[in-house]
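Enquirer: After the structure tokens below, expect a handful of questions from me.
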Amino acid sequence: MSPPELDAVIHAEARLRVTATLAALGVGDRLSFPRLQSLLKMTSGNLSTHLRKLEDAGYVVVTKVHEDRKPTTYLELTMTGRSAYAAYVDALRDLVPGLSRPS
Amino acid sequence: MARPVDDLETPDPRSMLAVADEQSRHARNELHPRTELMYLAWGVAWLVGFGAFAAAERTDPMVSRSIAGLTLGVLCAAAATVTILVVRRAAAGVQGTSSRLGILYGGSWLLGFGAMAAIMGGLDHSGLPERALDLLSVVLPCLIVGLLYMGGGAIWQQPTQFALGGWLAVTGAAVAWAGLPEAYLVAALAGGGGLLVGALVEMLQEGTRG
């Protein structure tokens, strides 16, 4: 069996951490940019760059809202993004010797 | 050779798996309310608050009933504050399905205890003896908290919360059958003690999850 392909969009440490964080939310929930940033301890410029790549891939949906006249950005993993993350983690488990997928 | 940029690196699967596990555990811990702190605060409030009433009901009272009432009131206010802070910390910046659920669930607590106060007032008005009202003021919180914990445990799939709710509902029945003055001791030990055991179970589970 050939080794599984690793999703290039997620296969970078920063984007993996972003995706893992958003996947920890319940389905139908979104997270504000500042809270996401504090959970990741990334600079806002760096985080924005990686979010754009995830958005371009259709993994993350960005919503801009006005709360108390202050613009706030919310991030949510799409269903595609959620399953891509699950598939990526499964593929990693297959690649690491001695680790089998939890059933 | 130039240092490869982030995207061109081919990170090792084992270290990437560790990154994914570590970050998702960190995010889950931060995004989920610290329920063990809530059970701890309410456990202390019930144990000490109802314990104070038990002490006031002795043939040689150790405290007055008004001191007991004040103790229970202050400790419940403190526990409510802990609950609000814990939930707000976890829910900060989260929007969508779970925040709508949380608002409805929080509303059911307010309405539940508001209705309880109105029910007690109505029963007082219709002439129910004071001792019966005293007993109901212990029984009803056990039932309301018990049912809401069972509902919360079912919604958020928290077996400990569900079990704790069931235990508190049964405690309510035991309180009613014990009658006064023993009812206060049952509420303090079974109710407050049950909440403290719930806090301990959550802390131990937290420990094994790492």
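Chain labels A, B, ... are given in the sequence in which chains occur in the structure tokens; within each chain residues are numbered consecutively from 1, and ligands are likewise numbered from 1 in the order shown.
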Fewer than 4 positions away in the same chain doesn't count, so skip those; otherwise give me all residues within 12 Å of Ala52 (chain B), counting only C-alpha atoms, as a short mmCIF file (atom, residue, chain, number, x, y, z; two decimals) with N, CA, C and O atoms, in the first residue's frame.
Expert:
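Dumped to part.cif:
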data_model
loop_
_atom_site.label_atom_id
_atom_site.label_comp_id
_atom_site.auth_asym_id
_atom_site.auth_seq_id
_atom_site.Cartn_x
_atom_site.Cartn_y
_atom_site.Cartn_z
N VAL B 44 -19.46 23.30 48.47
CA VAL B 44 -19.14 24.00 49.73
C VAL B 44 -20.38 24.76 50.22
O VAL B 44 -20.72 24.72 51.41
N ALA B 45 -21.09 25.44 49.29
CA ALA B 45 -22.27 26.21 49.67
C ALA B 45 -23.34 25.31 50.30
O ALA B 45 -23.92 25.66 51.33
N TRP B 46 -23.58 24.17 49.70
CA TRP B 46 -24.60 23.25 50.24
C TRP B 46 -24.14 22.64 51.56
O TRP B 46 -24.91 22.58 52.51
N LEU B 47 -22.91 22.19 51.58
CA LEU B 47 -22.40 21.50 52.78
C LEU B 47 -22.41 22.45 53.98
O LEU B 47 -22.96 22.12 55.03
N VAL B 48 -21.84 23.63 53.80
CA VAL B 48 -21.73 24.56 54.91
C VAL B 48 -23.07 25.26 55.18
O VAL B 48 -23.49 25.41 56.33
N ALA B 56 -28.44 24.88 63.51
CA ALA B 56 -29.43 25.77 64.13
C ALA B 56 -30.63 24.99 64.64
O ALA B 56 -31.37 25.46 65.51
N GLU B 57 -30.87 23.80 64.08
CA GLU B 57 -32.06 23.01 64.42
C GLU B 57 -31.81 22.08 65.61
O GLU B 57 -32.71 21.37 66.04
N ARG B 58 -30.57 22.01 66.10
CA ARG B 58 -30.28 21.14 67.23
C ARG B 58 -31.04 21.58 68.48
O ARG B 58 -31.45 22.74 68.58
N PRO B 61 -29.14 24.81 69.96
CA PRO B 61 -28.68 25.39 68.69
C PRO B 61 -27.29 26.01 68.78
O PRO B 61 -26.97 26.68 69.76
N MET B 62 -26.45 25.70 67.78
CA MET B 62 -25.09 26.25 67.76
C MET B 62 -25.08 27.62 67.10
O MET B 62 -24.19 28.43 67.36
N VAL B 63 -26.02 27.85 66.17
CA VAL B 63 -26.16 29.17 65.54
C VAL B 63 -27.66 29.48 65.43
O VAL B 63 -28.49 28.57 65.54
N SER B 64 -28.00 30.75 65.19
CA SER B 64 -29.41 31.08 65.01
C SER B 64 -29.81 30.78 63.57
O SER B 64 -28.96 30.66 62.68
N ARG B 65 -31.11 30.64 63.32
CA ARG B 65 -31.59 30.36 61.95
C ARG B 65 -31.25 31.52 61.01
O ARG B 65 -31.00 31.32 59.83
N SER B 66 -31.25 32.75 61.54
CA SER B 66 -30.95 33.88 60.65
C SER B 66 -29.48 33.86 60.23
O SER B 66 -29.16 34.18 59.08
N ILE B 67 -28.60 33.45 61.14
CA ILE B 67 -27.18 33.32 60.77
C ILE B 67 -27.03 32.22 59.71
O ILE B 67 -26.29 32.37 58.72
N ALA B 68 -27.76 31.11 59.92
CA ALA B 68 -27.71 30.01 58.95
C ALA B 68 -28.19 30.48 57.57
O ALA B 68 -27.57 30.18 56.54
N GLY B 69 -29.29 31.25 57.58
CA GLY B 69 -29.84 31.77 56.32
C GLY B 69 -28.85 32.68 55.62
O GLY B 69 -28.67 32.60 54.40
N LEU B 70 -28.19 33.52 56.41
CA LEU B 70 -27.20 34.44 55.86
C LEU B 70 -26.02 33.66 55.26
O LEU B 70 -25.54 33.96 54.16
N THR B 71 -25.57 32.62 56.01
CA THR B 71 -24.45 31.80 55.54
C THR B 71 -24.78 31.15 54.20
O THR B 71 -24.01 31.23 53.24
N LEU B 72 -25.96 30.51 54.13
CA LEU B 72 -26.37 29.85 52.88
C LEU B 72 -26.49 30.86 51.74
O LEU B 72 -26.01 30.62 50.63
N GLY B 73 -27.08 32.03 52.06
CA GLY B 73 -27.27 33.06 51.03
C GLY B 73 -25.95 33.56 50.46
O GLY B 73 -25.78 33.64 49.25
N LEU B 75 -22.96 32.11 50.58
CA LEU B 75 -22.22 31.06 49.88
C LEU B 75 -22.84 30.76 48.51
O LEU B 75 -22.12 30.49 47.54
N PRO B 181 -35.97 17.91 61.62
CA PRO B 181 -34.82 18.73 61.20
C PRO B 181 -33.76 17.96 60.41
O PRO B 181 -32.83 18.57 59.90
N TYR B 184 -32.04 18.90 56.74
CA TYR B 184 -30.89 19.78 56.49
C TYR B 184 -29.58 19.00 56.44
O TYR B 184 -28.71 19.27 55.61
N LEU B 185 -29.48 18.02 57.35
CA LEU B 185 -28.25 17.22 57.38
C LEU B 185 -28.14 16.36 56.11
O LEU B 185 -27.05 16.22 55.54
N ALA B 187 -29.42 17.10 53.17
CA ALA B 187 -29.08 18.00 52.05
C ALA B 187 -27.59 18.38 52.10
O ALA B 187 -26.92 18.43 51.07
N ALA B 188 -27.08 18.62 53.33
CA ALA B 188 -25.68 19.02 53.47
C ALA B 188 -24.76 17.88 53.06
O ALA B 188 -23.85 18.08 52.25
N LEU B 189 -25.03 16.68 53.60
CA LEU B 189 -24.09 15.57 53.38
C LEU B 189 -24.28 14.92 52.01
O LEU B 189 -23.31 14.77 51.26
#
Enquirer: Assign secondary structure with DSSP using the backbone only, and return the residues of region 34-90 of chain A in strand (DSSP E or B) as an MDAnalysis selection string.
Expert: chainID A and resid 60:67 70:77
Enquirer: Near chain B, meaning an atom within 10 Å, which residues of chain A appear when counting only C-alpha atoms? Write them as an NGL selection string.
Expert: :A and (6 or 8-36 or 39-40 or 72-76 or 85 or 88-97 or 99)
Enquirer: May I have the residues from that selection written out with C-alpha atoms, as a PDB file, in the first residue's frame?
Expert:
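Saved the output as result_17.pdb:
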ATOM      1  CA  LEU A   6      -0.830  14.493   3.321  1.00  0.00           C
ATOM      2  CA  ALA A   8      -0.621  20.294   1.827  1.00  0.00           C
ATOM      3  CA  VAL A   9      -2.989  22.989   3.105  1.00  0.00           C
ATOM      4  CA  ILE A  10      -2.926  21.559   6.647  1.00  0.00           C
ATOM      5  CA  HIS A  11       0.617  20.134   6.525  1.00  0.00           C
ATOM      6  CA  ALA A  12       2.312  23.258   7.957  1.00  0.00           C
ATOM      7  CA  GLU A  13       2.592  23.626  11.694  1.00  0.00           C
ATOM      8  CA  ALA A  14       0.836  26.994  11.966  1.00  0.00           C
ATOM      9  CA  ARG A  15      -2.174  25.938   9.859  1.00  0.00           C
ATOM     10  CA  LEU A  16      -2.384  22.587  11.626  1.00  0.00           C
ATOM     11  CA  ARG A  17      -2.642  24.416  14.957  1.00  0.00           C
ATOM     12  CA  VAL A  18      -5.300  26.809  13.587  1.00  0.00           C
ATOM     13  CA  THR A  19      -7.320  23.891  12.205  1.00  0.00           C
ATOM     14  CA  ALA A  20      -6.971  21.813  15.400  1.00  0.00           C
ATOM     15  CA  THR A  21      -8.205  24.783  17.462  1.00  0.00           C
ATOM     16  CA  LEU A  22     -11.238  25.474  15.269  1.00  0.00           C
ATOM     17  CA  ALA A  23     -12.038  21.735  15.177  1.00  0.00           C
ATOM     18  CA  ALA A  24     -12.283  21.797  18.991  1.00  0.00           C
ATOM     19  CA  LEU A  25     -15.394  23.988  18.658  1.00  0.00           C
ATOM     20  CA  GLY A  26     -18.810  22.387  18.297  1.00  0.00           C
ATOM     21  CA  VAL A  27     -20.341  22.154  14.807  1.00  0.00           C
ATOM     22  CA  GLY A  28     -22.106  25.445  14.069  1.00  0.00           C
ATOM     23  CA  ASP A  29     -19.833  27.506  16.348  1.00  0.00           C
ATOM     24  CA  ARG A  30     -17.416  30.228  15.312  1.00  0.00           C
ATOM     25  CA  LEU A  31     -14.566  31.876  17.183  1.00  0.00           C
ATOM     26  CA  SER A  32     -13.571  35.543  17.266  1.00  0.00           C
ATOM     27  CA  PHE A  33     -10.188  36.469  15.816  1.00  0.00           C
ATOM     28  CA  PRO A  34      -8.801  37.785  19.160  1.00  0.00           C
ATOM     29  CA  ARG A  35      -9.831  34.620  21.059  1.00  0.00           C
ATOM     30  CA  LEU A  36      -8.339  32.400  18.335  1.00  0.00           C
ATOM     31  CA  LEU A  39      -5.455  30.272  22.013  1.00  0.00           C
ATOM     32  CA  LEU A  40      -2.653  30.060  19.438  1.00  0.00           C
ATOM     33  CA  THR A  72     -15.088  41.733  14.764  1.00  0.00           C
ATOM     34  CA  THR A  73     -14.003  38.833  12.589  1.00  0.00           C
ATOM     35  CA  TYR A  74     -15.287  35.333  13.305  1.00  0.00           C
ATOM     36  CA  LEU A  75     -13.716  32.138  12.015  1.00  0.00           C
ATOM     37  CA  GLU A  76     -15.443  28.823  11.523  1.00  0.00           C
ATOM     38  CA  TYR A  85      -8.592  17.819   9.373  1.00  0.00           C
ATOM     39  CA  TYR A  88      -5.149  14.524   7.817  1.00  0.00           C
ATOM     40  CA  VAL A  89      -4.833  13.265  11.408  1.00  0.00           C
ATOM     41  CA  ASP A  90      -5.828   9.748  10.275  1.00  0.00           C
ATOM     42  CA  ALA A  91      -3.168   9.891   7.537  1.00  0.00           C
ATOM     43  CA  LEU A  92      -0.533  10.943  10.109  1.00  0.00           C
ATOM     44  CA  ARG A  93      -1.459   8.007  12.322  1.00  0.00           C
ATOM     45  CA  ASP A  94      -1.004   5.669   9.359  1.00  0.00           C
ATOM     46  CA  LEU A  95       2.439   7.141   8.662  1.00  0.00           C
ATOM     47  CA  VAL A  96       3.748   6.878  12.216  1.00  0.00           C
ATOM     48  CA  PRO A  97       5.035   3.351  12.775  1.00  0.00           C
ATOM     49  CA  LEU A  99       0.462   3.700  15.837  1.00  0.00           C
TER      50      LEU A  99
END
Enquirer: Could you check which of B:Trp177, B:Phe162, B:Trp167, B:Trp156 is closest to Tyr105 (chain B), using only C-alpha atoms?
Expert: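 Closest residue, counting only C-alpha atoms: B:Trp156.
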Enquirer: Would you list, as an MDAnalysis selection string, the residues of region 17-183 of chain B that end up in helix (DSSP H, G or I) under DSSP run on this structure's backbone?
Expert: chainID B and resid 17:31 35:56 65:91 97:125 130:155 159:178 182:183
Enquirer: Using C-alpha atoms, can you write the selected residues to a file as a short mmCIF file (atom, residue, chain, number, x, y, z; two decimals), in the first residue's frame?
Expert:
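Wrote it out as part-v7.cif, contents follow:
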data_model
loop_
_atom_site.label_atom_id
_atom_site.label_comp_id
_atom_site.auth_asym_id
_atom_site.auth_seq_id
_atom_site.Cartn_x
_atom_site.Cartn_y
_atom_site.Cartn_z
CA LEU B 17 0.77 14.40 15.27
CA ALA B 18 2.14 15.67 18.60
CA VAL B 19 1.36 19.27 17.53
CA ALA B 20 -2.23 18.33 16.57
CA ASP B 21 -2.82 16.42 19.84
CA GLU B 22 -1.28 19.12 22.01
CA GLN B 23 -3.14 22.00 20.36
CA SER B 24 -6.51 20.29 20.30
CA ARG B 25 -6.17 19.34 23.99
CA HIS B 26 -5.20 22.92 24.84
CA ALA B 27 -8.15 24.32 22.85
CA ARG B 28 -10.66 21.87 24.36
CA ASN B 29 -9.48 22.68 27.90
CA GLU B 30 -9.77 26.42 27.30
CA LEU B 31 -13.09 26.30 25.44
CA THR B 35 -17.13 22.41 35.70
CA GLU B 36 -15.06 21.07 38.61
CA LEU B 37 -14.77 24.65 39.97
CA MET B 38 -18.54 25.08 39.76
CA TYR B 39 -19.24 21.78 41.57
CA LEU B 40 -16.64 22.70 44.19
CA ALA B 41 -18.20 26.12 44.89
CA TRP B 42 -21.76 24.73 45.03
CA GLY B 43 -20.64 21.72 47.08
CA VAL B 44 -19.14 24.00 49.73
CA ALA B 45 -22.27 26.21 49.67
CA TRP B 46 -24.60 23.25 50.24
CA LEU B 47 -22.40 21.50 52.78
CA VAL B 48 -21.73 24.56 54.91
CA GLY B 49 -25.04 26.39 54.24
CA PHE B 50 -27.40 23.48 54.95
CA GLY B 51 -24.95 22.33 57.62
CA ALA B 52 -25.50 25.69 59.36
CA PHE B 53 -29.28 25.07 59.29
CA ALA B 54 -28.71 21.60 60.75
CA ALA B 55 -26.65 23.22 63.52
CA ALA B 56 -29.43 25.77 64.13
CA ARG B 65 -31.59 30.36 61.95
CA SER B 66 -30.95 33.88 60.65
CA ILE B 67 -27.18 33.32 60.77
CA ALA B 68 -27.71 30.01 58.95
CA GLY B 69 -29.84 31.77 56.32
CA LEU B 70 -27.20 34.44 55.86
CA THR B 71 -24.45 31.80 55.54
CA LEU B 72 -26.37 29.85 52.88
CA GLY B 73 -27.27 33.06 51.03
CA VAL B 74 -23.72 34.42 50.92
CA LEU B 75 -22.22 31.06 49.88
CA CYS B 76 -24.83 30.60 47.13
CA ALA B 77 -24.12 34.11 45.82
CA ALA B 78 -20.39 33.29 45.78
CA ALA B 79 -21.04 29.99 43.97
CA ALA B 80 -23.27 31.77 41.42
CA THR B 81 -20.44 34.27 40.82
CA VAL B 82 -17.93 31.44 40.30
CA THR B 83 -20.35 29.80 37.83
CA ILE B 84 -20.81 33.00 35.82
CA LEU B 85 -17.06 33.70 35.69
CA VAL B 86 -16.21 30.12 34.66
CA VAL B 87 -18.82 30.08 31.88
CA ARG B 88 -17.91 33.57 30.62
CA ARG B 89 -14.22 32.67 30.48
CA ALA B 90 -14.88 29.55 28.39
CA ALA B 91 -17.50 31.19 26.15
CA THR B 97 -25.05 27.01 18.17
CA SER B 98 -23.47 26.57 21.60
CA SER B 99 -23.89 30.19 22.67
CA ARG B 100 -27.60 30.05 21.72
CA LEU B 101 -27.92 26.78 23.67
CA GLY B 102 -26.10 28.36 26.62
CA ILE B 103 -28.47 31.34 26.72
CA LEU B 104 -31.53 29.07 26.71
CA TYR B 105 -29.98 26.81 29.33
CA GLY B 106 -29.05 29.78 31.56
CA GLY B 107 -32.60 31.09 31.13
CA SER B 108 -34.02 27.78 32.34
CA TRP B 109 -32.07 28.20 35.62
CA LEU B 110 -33.43 31.73 36.13
CA LEU B 111 -36.97 30.69 35.28
CA GLY B 112 -36.71 27.53 37.40
CA PHE B 113 -35.64 29.36 40.54
CA GLY B 114 -37.95 32.31 39.82
CA ALA B 115 -40.86 29.87 39.57
CA MET B 116 -39.72 28.19 42.78
CA ALA B 117 -39.83 31.51 44.67
CA ALA B 118 -43.30 32.22 43.26
CA ILE B 119 -44.51 28.71 44.16
CA MET B 120 -43.26 29.12 47.74
CA GLY B 121 -45.03 32.49 47.94
CA GLY B 122 -48.25 30.98 46.63
CA LEU B 123 -48.12 28.05 49.06
CA ASP B 124 -47.46 30.45 51.95
CA HIS B 125 -50.42 32.53 50.79
CA GLU B 130 -44.26 27.18 58.00
CA ARG B 131 -42.47 23.89 58.72
CA ALA B 132 -43.79 22.42 55.48
CA LEU B 133 -42.52 25.48 53.63
CA ASP B 134 -39.11 25.09 55.31
CA LEU B 135 -38.94 21.49 54.13
CA LEU B 136 -39.99 22.46 50.58
CA SER B 137 -37.29 25.15 50.49
CA VAL B 138 -34.73 22.32 50.71
CA VAL B 139 -36.56 19.77 48.55
CA LEU B 140 -37.27 22.05 45.57
CA PRO B 141 -33.65 23.21 44.95
CA CYS B 142 -32.54 19.53 44.98
CA LEU B 143 -35.16 18.70 42.35
CA ILE B 144 -34.54 21.79 40.17
CA VAL B 145 -30.72 21.49 40.22
CA GLY B 146 -31.02 17.72 39.75
CA LEU B 147 -33.22 17.99 36.66
CA LEU B 148 -31.18 20.81 35.10
CA TYR B 149 -27.90 18.93 35.65
CA MET B 150 -29.41 15.86 34.01
CA GLY B 151 -30.53 18.02 31.07
CA GLY B 152 -27.13 19.74 30.88
CA GLY B 153 -25.33 16.40 31.07
CA ALA B 154 -27.46 15.12 28.19
CA ILE B 155 -26.96 18.24 26.01
CA PRO B 159 -21.79 11.71 32.16
CA THR B 160 -20.56 13.12 35.49
CA GLN B 161 -23.02 16.03 35.32
CA PHE B 162 -25.86 13.69 34.38
CA ALA B 163 -25.07 11.30 37.26
CA LEU B 164 -24.74 14.20 39.69
CA GLY B 165 -28.17 15.49 38.58
CA GLY B 166 -29.75 12.10 39.14
CA TRP B 167 -28.14 11.90 42.57
CA LEU B 168 -29.44 15.36 43.56
CA ALA B 169 -32.99 14.52 42.41
CA VAL B 170 -32.90 11.36 44.55
CA THR B 171 -31.43 13.44 47.39
CA GLY B 172 -34.52 15.68 47.12
CA ALA B 173 -36.74 12.68 47.72
CA ALA B 174 -34.59 11.55 50.66
CA VAL B 175 -34.76 15.07 52.13
CA ALA B 176 -38.57 15.03 51.94
CA TRP B 177 -38.84 11.62 53.61
CA ALA B 178 -36.26 12.48 56.28
CA GLU B 182 -32.84 15.81 59.67
CA ALA B 183 -33.62 17.12 56.16
#
